[in-house]
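Here is the file protein.txt (compact mmCIF, C-alpha atoms).
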# COMPACT_ATOMS: atom_id res chain seq x y z
CA MET A 26 143.64 122.18 55.53
CA PHE A 27 142.59 120.26 58.64
CA ARG A 28 139.88 121.12 61.16
CA ARG A 29 141.18 122.72 64.40
CA LEU A 30 138.71 121.59 67.03
CA LYS A 31 140.91 122.94 69.83
CA ARG A 32 140.15 126.54 68.89
CA THR A 33 137.12 126.56 71.18
CA ARG A 34 138.96 124.85 74.05
CA LEU A 35 141.74 127.34 74.64
CA LYS A 36 140.01 129.52 77.25
CA ALA A 37 137.51 128.59 79.97
CA PRO A 38 134.80 131.10 78.92
CA MET A 39 134.95 129.72 75.37
CA ARG A 40 134.69 126.13 76.63
CA GLU A 41 131.66 127.11 78.69
CA LEU A 42 130.08 128.84 75.69
CA VAL A 43 130.15 125.69 73.54
CA ARG A 44 129.49 123.17 76.32
CA GLU A 45 126.85 120.69 75.19
CA THR A 46 125.79 119.13 78.51
CA ARG A 47 125.12 120.96 81.77
CA LEU A 48 124.00 119.98 85.25
CA HIS A 49 121.28 121.96 87.01
CA LYS A 50 119.89 121.64 90.52
CA GLN A 51 116.49 121.04 88.98
CA ASP A 52 117.78 117.79 87.42
CA PHE A 53 118.09 116.04 90.80
CA ILE A 54 115.91 114.02 93.15
CA TYR A 55 117.24 113.24 96.64
CA PRO A 56 116.38 109.87 98.25
CA LEU A 57 115.42 109.89 101.94
CA PHE A 58 114.82 106.97 104.31
CA VAL A 59 112.10 107.38 106.95
CA ILE A 60 112.19 105.28 110.12
CA GLU A 61 109.82 105.14 113.08
CA GLY A 62 110.65 106.91 116.33
CA GLN A 63 111.70 110.38 117.49
CA ASN A 64 115.04 112.13 117.06
CA VAL A 65 116.49 109.17 115.13
CA LYS A 66 119.45 109.76 112.82
CA ASN A 67 121.27 106.52 112.08
CA GLU A 68 124.26 106.90 109.78
CA ILE A 69 124.98 103.96 107.47
CA PRO A 70 128.70 102.97 107.52
CA SER A 71 128.63 101.74 103.91
CA MET A 72 127.04 105.02 102.74
CA PRO A 73 128.76 108.03 104.35
CA ASP A 74 126.42 111.01 104.96
CA VAL A 75 123.30 108.90 104.33
CA PHE A 76 120.97 108.35 107.28
CA GLN A 77 117.85 106.59 108.46
CA LEU A 78 115.75 109.53 109.73
CA SER A 79 112.67 109.82 111.91
CA VAL A 80 109.96 112.20 110.70
CA ASP A 81 111.19 115.11 112.85
CA ASN A 82 114.64 114.84 111.29
CA ILE A 83 113.15 114.39 107.83
CA LEU A 84 111.59 117.83 108.30
CA LYS A 85 114.99 119.31 109.16
CA GLU A 86 116.43 117.66 106.07
CA CYS A 87 113.66 119.09 103.88
CA GLU A 88 114.30 122.59 105.21
CA GLU A 89 118.00 122.26 104.34
CA LEU A 90 117.16 120.93 100.88
CA LEU A 91 114.80 123.80 100.12
CA ASN A 92 117.47 126.27 101.23
CA LEU A 93 119.80 124.63 98.70
CA GLY A 94 117.20 124.93 95.94
CA ILE A 95 116.27 121.22 95.90
CA TYR A 96 112.50 120.65 95.69
CA HIS A 97 112.32 116.96 94.81
CA ILE A 98 112.68 113.99 97.18
CA LEU A 99 112.13 110.25 96.86
CA LEU A 100 110.86 108.62 100.07
CA PHE A 101 111.53 105.07 101.28
CA GLY A 102 109.79 103.69 104.38
CA LEU A 103 111.41 101.55 107.07
CA PRO A 104 108.58 100.07 109.17
CA SER A 105 109.04 98.19 112.42
CA HIS A 106 106.32 95.66 111.53
CA LYS A 107 106.90 93.28 108.62
CA ASP A 108 104.92 90.27 107.44
CA SER A 109 104.64 87.95 104.46
CA CYS A 110 102.48 90.29 102.37
CA GLY A 111 103.81 93.68 103.51
CA SER A 112 100.49 94.73 105.02
CA GLU A 113 102.01 97.79 106.71
CA ALA A 114 102.46 99.35 103.24
CA LEU A 115 98.68 99.38 102.82
CA SER A 116 97.98 101.41 105.97
CA ASP A 117 97.43 105.16 105.81
CA LYS A 118 98.90 105.37 109.31
CA SER A 119 102.23 103.74 108.48
CA ILE A 120 105.55 105.57 108.44
CA ILE A 121 105.44 106.91 104.86
CA PRO A 122 101.93 108.44 105.13
CA GLN A 123 103.03 110.04 108.40
CA ALA A 124 106.07 111.54 106.69
CA ILE A 125 104.08 112.76 103.65
CA LYS A 126 101.53 114.55 105.82
CA ALA A 127 104.21 116.17 108.00
CA ILE A 128 106.25 117.36 105.01
CA LYS A 129 103.21 118.75 103.20
CA LYS A 130 102.10 120.56 106.35
CA HIS A 131 105.43 122.33 106.85
CA PHE A 132 106.81 122.44 103.30
CA PRO A 133 103.95 122.24 100.78
CA GLN A 134 106.28 123.28 97.97
CA MET A 135 108.31 120.06 98.31
CA ILE A 136 107.60 117.52 95.55
CA ILE A 137 107.36 114.07 97.12
CA THR A 138 107.89 110.97 94.99
CA LEU A 139 107.07 107.65 96.65
CA ASP A 140 108.98 104.46 96.00
CA LEU A 141 106.33 101.79 95.47
CA CYS A 142 107.52 98.33 96.42
CA PHE A 143 107.22 95.76 99.20
CA CYS A 144 110.81 94.66 99.87
CA GLU A 145 111.09 96.99 102.91
CA TYR A 146 107.71 95.78 104.24
CA THR A 147 107.93 91.99 103.86
CA ASP A 148 109.59 89.67 106.36
CA HIS A 149 111.18 87.75 103.47
CA GLY A 150 112.59 90.84 101.76
CA HIS A 151 111.18 90.12 98.31
CA CYS A 152 109.20 92.64 96.31
CA GLY A 153 105.70 91.21 96.71
CA ILE A 154 103.64 88.17 97.62
CA LEU A 155 105.51 84.89 97.26
CA ASP A 156 104.50 82.02 95.01
CA LYS A 157 105.81 79.01 96.90
CA ASN A 158 105.57 76.78 93.84
CA LEU A 159 107.87 79.05 91.85
CA ASN A 160 109.98 80.06 94.87
CA SER A 161 109.64 83.60 93.52
CA VAL A 162 107.17 86.48 93.57
CA ASP A 163 103.59 85.93 92.43
CA ASN A 164 103.38 88.60 89.73
CA ASP A 165 99.60 89.00 89.47
CA ALA A 166 98.86 88.84 93.21
CA THR A 167 101.54 91.47 93.74
CA LEU A 168 99.94 93.75 91.14
CA GLU A 169 96.81 94.08 93.25
CA ILE A 170 98.66 95.16 96.40
CA LEU A 171 100.83 97.56 94.37
CA GLY A 172 97.64 99.22 93.14
CA GLN A 173 96.30 99.46 96.68
CA GLN A 174 99.58 100.88 97.98
CA ALA A 175 99.62 103.52 95.22
CA LEU A 176 96.11 104.60 96.18
CA VAL A 177 97.08 104.93 99.86
CA LEU A 178 100.13 107.06 99.06
CA ALA A 179 98.27 109.30 96.63
CA SER A 180 95.47 109.80 99.17
CA CYS A 181 98.01 110.98 101.75
CA GLY A 182 99.36 113.73 99.50
CA GLY A 183 102.12 112.11 97.43
CA ASP A 184 103.00 113.95 94.23
CA MET A 185 104.36 111.11 92.12
CA ILE A 186 104.35 107.30 92.31
CA ALA A 187 107.54 105.40 91.45
CA PRO A 188 106.91 101.64 91.21
CA SER A 189 110.14 99.65 91.54
CA ALA A 190 108.93 96.05 91.88
CA MET A 191 109.59 95.06 88.23
CA MET A 192 106.29 93.21 87.96
CA ASP A 193 104.85 92.72 84.49
CA GLY A 194 101.79 94.95 84.13
CA MET A 195 102.53 97.08 87.20
CA VAL A 196 102.21 100.43 85.43
CA SER A 197 98.84 99.68 83.84
CA THR A 198 97.51 98.29 87.14
CA ILE A 199 98.66 101.30 89.16
CA ARG A 200 97.32 103.69 86.52
CA THR A 201 93.94 102.00 86.72
CA TYR A 202 93.85 102.20 90.52
CA LEU A 203 94.88 105.86 90.53
CA ASP A 204 92.43 106.88 87.83
CA LYS A 205 89.49 105.08 89.43
CA GLY A 206 90.44 106.55 92.81
CA GLY A 207 90.28 110.12 91.54
CA PHE A 208 94.03 110.58 91.09
CA SER A 209 94.34 110.73 87.31
CA HIS A 210 96.58 113.79 87.78
CA ILE A 211 99.27 111.83 89.67
CA PRO A 212 102.21 110.88 87.38
CA ILE A 213 104.00 107.54 87.42
CA MET A 214 107.80 107.44 87.24
CA SER A 215 108.42 103.78 86.59
CA TYR A 216 111.61 101.92 87.44
CA SER A 217 111.07 100.65 83.94
CA THR A 218 114.47 99.01 83.36
CA LYS A 219 115.77 97.89 86.75
CA PHE A 220 118.64 95.44 86.59
CA ALA A 221 119.42 92.63 89.02
CA SER A 222 122.63 94.26 90.16
CA GLY A 223 125.45 93.98 92.66
CA TYR A 224 125.50 97.77 92.91
CA TYR A 225 122.57 97.71 95.36
CA GLY A 226 124.51 96.29 98.31
CA PRO A 227 124.77 99.42 100.50
CA PHE A 228 121.10 100.29 99.85
CA ARG A 229 120.09 97.04 101.52
CA ASP A 230 122.00 98.19 104.60
CA VAL A 231 120.06 101.45 104.84
CA ALA A 232 116.67 100.04 103.76
CA ASN A 233 116.90 96.75 105.71
CA SER A 234 115.63 95.04 102.57
CA ALA A 235 117.99 92.16 101.75
CA PRO A 236 116.09 89.01 100.71
CA SER A 237 116.03 86.38 103.45
CA PHE A 238 116.54 83.71 100.78
CA GLY A 239 117.52 83.57 97.14
CA ASP A 240 117.80 86.67 95.00
CA ARG A 241 115.71 88.85 92.69
CA ASN A 242 117.04 87.51 89.40
CA SER A 243 113.68 85.95 88.52
CA TYR A 244 111.96 89.34 88.24
CA GLN A 245 114.62 92.03 87.82
CA GLN A 246 116.29 92.60 84.45
CA ASP A 247 119.24 90.42 83.39
CA SER A 248 122.28 92.71 83.13
CA ALA A 249 123.47 90.91 79.98
CA ASN A 250 120.34 91.63 77.91
CA ARG A 251 120.29 94.84 75.90
CA ARG A 252 117.22 94.32 73.70
CA GLU A 253 115.11 93.06 76.59
CA ALA A 254 116.19 96.09 78.67
CA ILE A 255 114.91 98.43 75.97
CA LEU A 256 111.67 96.45 75.67
CA GLU A 257 111.06 96.71 79.42
CA SER A 258 110.96 100.51 79.26
CA LEU A 259 108.98 100.70 76.04
CA THR A 260 106.41 98.32 77.54
CA ASP A 261 105.99 100.60 80.56
CA GLU A 262 105.60 103.57 78.25
CA ALA A 263 102.83 101.74 76.40
CA GLU A 264 101.12 100.99 79.74
CA GLY A 265 100.99 104.69 80.64
CA ALA A 266 104.21 105.60 82.46
CA ASP A 267 104.90 109.33 82.47
CA ILE A 268 108.64 109.04 83.18
CA LEU A 269 110.95 106.09 82.48
CA MET A 270 114.03 105.06 84.47
CA VAL A 271 117.21 103.04 84.18
CA LYS A 272 118.67 101.63 87.40
CA PRO A 273 121.61 101.41 88.08
CA ALA A 274 123.15 104.15 85.99
CA LEU A 275 126.93 103.92 85.74
CA ALA A 276 127.34 100.48 84.15
CA TYR A 277 124.27 100.91 81.91
CA LEU A 278 124.80 104.16 80.02
CA ASP A 279 124.48 102.26 76.73
CA ILE A 280 120.96 101.31 77.80
CA VAL A 281 120.21 104.92 78.77
CA ARG A 282 121.19 106.03 75.27
CA ASP A 283 119.27 103.17 73.63
CA ILE A 284 116.07 104.13 75.47
CA ARG A 285 116.62 107.85 74.95
CA ASP A 286 116.78 107.25 71.20
CA ARG A 287 113.44 105.39 71.27
CA THR A 288 111.19 107.51 73.48
CA LEU A 289 110.07 111.10 73.84
CA LEU A 290 109.22 110.64 77.53
CA PRO A 291 111.42 112.13 80.26
CA LEU A 292 114.11 109.65 81.28
CA ALA A 293 115.56 109.25 84.78
CA VAL A 294 118.58 107.36 86.05
CA TYR A 295 119.14 106.15 89.59
CA ASN A 296 122.73 106.80 90.71
CA VAL A 297 122.57 103.89 93.13
CA SER A 298 124.14 103.18 96.51
CA GLY A 299 127.09 101.15 95.23
CA GLU A 300 128.04 103.87 92.76
CA TYR A 301 127.77 106.47 95.52
CA ALA A 302 129.74 104.39 98.04
CA MET A 303 132.62 103.76 95.63
CA LEU A 304 133.16 107.48 95.08
CA LYS A 305 132.81 108.36 98.76
CA HIS A 306 135.26 105.68 99.89
CA ALA A 307 137.70 106.59 97.11
CA GLN A 308 137.47 110.19 98.33
CA LYS A 309 138.22 109.09 101.90
CA ALA A 310 141.25 107.12 100.70
CA ASN A 311 142.52 110.11 98.63
CA LEU A 312 142.48 107.98 95.49
CA ILE A 313 140.72 110.49 93.23
CA ASP A 314 140.09 114.18 92.68
CA TYR A 315 136.64 113.68 94.17
CA GLU A 316 134.78 116.76 92.91
CA ARG A 317 136.16 116.32 89.40
CA VAL A 318 135.16 112.65 89.25
CA LEU A 319 131.75 113.48 90.73
CA PHE A 320 131.05 116.03 88.00
CA GLU A 321 132.35 113.67 85.30
CA THR A 322 130.07 110.90 86.54
CA LEU A 323 126.91 112.98 86.82
CA THR A 324 127.59 114.77 83.52
CA GLY A 325 127.99 111.35 81.91
CA PHE A 326 124.45 110.48 82.95
CA LYS A 327 123.12 113.63 81.29
CA ARG A 328 125.27 113.17 78.20
CA ALA A 329 123.94 109.63 77.77
CA GLY A 330 120.41 111.02 77.63
CA ALA A 331 119.05 111.26 81.18
CA ASP A 332 116.84 114.20 82.06
CA ILE A 333 116.55 113.36 85.78
CA ILE A 334 119.20 112.06 88.20
CA ILE A 335 118.19 110.38 91.45
CA SER A 336 121.31 110.61 93.57
CA TYR A 337 122.64 110.56 97.13
CA HIS A 338 125.10 113.21 95.92
CA THR A 339 122.26 115.70 95.44
CA LYS A 340 122.98 117.92 98.47
CA GLU A 341 126.69 118.19 97.81
CA ILE A 342 126.25 118.83 94.08
CA ALA A 343 123.70 121.54 94.89
CA LYS A 344 126.35 123.28 96.98
CA LEU A 345 128.88 123.05 94.13
CA LEU A 346 126.69 124.22 91.24

Give the structure from this file in structure tokens form.
Amino acid sequence: MFRRLKRTRLKAPMRELVRETRLHKQDFIYPLFVIEGQNVKNEIPSMPDVFQLSVDNILKECEELLNLGIYHILLFGLPSHKDSCGSEALSDKSIIPQAIKAIKKHFPQMIITLDLCFCEYTDHGHCGILDKNLNSVDNDATLEILGQQALVLASCGGDMIAPSAMMDGMVSTIRTYLDKGGFSHIPIMSYSTKFASGYYGPFRDVANSAPSFGDRNSYQQDSANRREAILESLTDEAEGADILMVKPALAYLDIVRDIRDRTLLPLAVYNVSGEYAMLKHAQKANLIDYERVLFETLTGFKRAGADIIISYHTKEIAKLL
């Protein structure tokens, strides 16, 4: 006698009863991009329905998110002033501190995670202070300004710090700064395995963060290296990260599973701009059953082992769940 696995697939209620992987609104974090000015809402052609928003429009967005049952956002800052060391990121009067304070005043229940990096703040577009001899980022000098930036953002009311610079030692440095500054309760969600990827293209349109020269291959993870990718996340866990992350998600689900099998920490994936744009433009061209493919994609992230999904699809998936 052979096993009849289709017995539990015949009717929809039975399929739902035995379903192993489910999406919930609480799984999602929605990225938002804050720009200086008033009444600014700049749509990004490469990322339909994604905008650069001034603080007043960020507040409107937060109200809509809360009405949809979404309580988690990830903030990126788009300052008007940039310089070689990203000094604007170290000011408690810059655009992100302004946004944090406004959101917490009007919507204290919103959980604000802060992307911690310098690519949006430097005039060269790289993720820290440059070492001219290496023609790359000076790892240790960048650690110090990452720690300072974390302290500024925590002091302004941020709920979680998410360092994305891929500097060696960044988690332990940030943890030290936060603990000494009286913020030992603030968790760190590290971009612990962040690949040097072509999937980031549309993000650089919205964040104005493309490097002015070269690329980020000297400090972001090589997409061909599986063992090193695992080691990156396990190293950040050892340094004190509270949540790990794989970015991008779609082409790296093997890495998500590898890390999931080796850690008990919560694991996030970043459903990045290129992944989002491909689905949205395929929808526009009537190439796919969009909602079906969207659910397949996001469910695949959960099935691979992710607990948290950072996604530009968050609002639309909240309306569908």

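Of the listed residues (A:Asp204, A:Asp163, A:Glu341, A:Asp332), A:Glu341 comes nearest to Glu316 in chain A; the distances count all atoms listed in the file.
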
Distance query Leu78 in chain A at most 8 Å, only C-alpha atoms, self and fewer than 3 positions along chain excluded, as number ranges by chain: A: 57-60, 64-67, 81-83

One decimal, Å: what's the distance from CA of Ala127 in chain A over to CA of Cys181 in chain A, could you say? 10.2 Å

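Residue nearest Ile211 in chain A, chosen from A:Asn250, A:Thr198, A:Asn296, A:Thr138 and counting all atoms listed in the file: A:Thr138.
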
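Closest approach to Ser71 in chain A among A:Ser298, A:Thr339, A:Gln134, A:Thr324 is made by A:Ser298 (distances from all atoms listed in the file).
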
Identify the residues within 8 Å of coordinate (109.9, 98.3, 103.1) (same frame as the file), considering all atoms listed in the file, and give the answer as a PyMOL selection string. chain A and resi 101-104+111+114+142-147+232-234

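CA of Ile186 in chain A lies 13.1 Å from CA of Pro122 in chain A.
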
Who sits within 12 Å of Arg285 in chain A, all atoms listed in the file, same chain under 3 positions skipped, as a ChimeraX atom specification: /A:255,258-259,268-271,278-282,288-294,326-332

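Distance-wise, CA of Pro56 in chain A and CA of Leu99 in chain A end up 4.5 Å apart.
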
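Omitting Phe208 in chain A and its sequence neighbours fewer than 4 positions away, and counting all atoms listed in the file, the residues within 12 Å are Ala175, Leu176, Val177, Leu178, Ala179, Ser180, Cys181, Gly182, Gly183, Asp184, Met185, Ile186, Ile199, Arg200, Thr201, Tyr202, Leu203, Asp204, Pro212 and Ile213 of chain A.
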
Residues as selected, C-alpha atoms, written as a PDB file, in the frame of the given file, can you do that?
ATOM      1  CA  ALA A 175      99.620 103.520  95.220  1.00  0.00           C
ATOM      2  CA  LEU A 176      96.110 104.600  96.180  1.00  0.00           C
ATOM      3  CA  VAL A 177      97.080 104.930  99.860  1.00  0.00           C
ATOM      4  CA  LEU A 178     100.130 107.060  99.060  1.00  0.00           C
ATOM      5  CA  ALA A 179      98.270 109.300  96.630  1.00  0.00           C
ATOM      6  CA  SER A 180      95.470 109.800  99.170  1.00  0.00           C
ATOM      7  CA  CYS A 181      98.010 110.980 101.750  1.00  0.00           C
ATOM      8  CA  GLY A 182      99.360 113.730  99.500  1.00  0.00           C
ATOM      9  CA  GLY A 183     102.120 112.110  97.430  1.00  0.00           C
ATOM     10  CA  ASP A 184     103.000 113.950  94.230  1.00  0.00           C
ATOM     11  CA  MET A 185     104.360 111.110  92.120  1.00  0.00           C
ATOM     12  CA  ILE A 186     104.350 107.300  92.310  1.00  0.00           C
ATOM     13  CA  ILE A 199      98.660 101.300  89.160  1.00  0.00           C
ATOM     14  CA  ARG A 200      97.320 103.690  86.520  1.00  0.00           C
ATOM     15  CA  THR A 201      93.940 102.000  86.720  1.00  0.00           C
ATOM     16  CA  TYR A 202      93.850 102.200  90.520  1.00  0.00           C
ATOM     17  CA  LEU A 203      94.880 105.860  90.530  1.00  0.00           C
ATOM     18  CA  ASP A 204      92.430 106.880  87.830  1.00  0.00           C
ATOM     19  CA  PRO A 212     102.210 110.880  87.380  1.00  0.00           C
ATOM     20  CA  ILE A 213     104.000 107.540  87.420  1.00  0.00           C
TER      21      ILE A 213
END

Contact residues around range 344-346 of chain A with all atoms listed in the file at 8 Å, ignoring same-chain residues under 5 positions, as a PyMOL selection string: chain A and resi 48-50+93
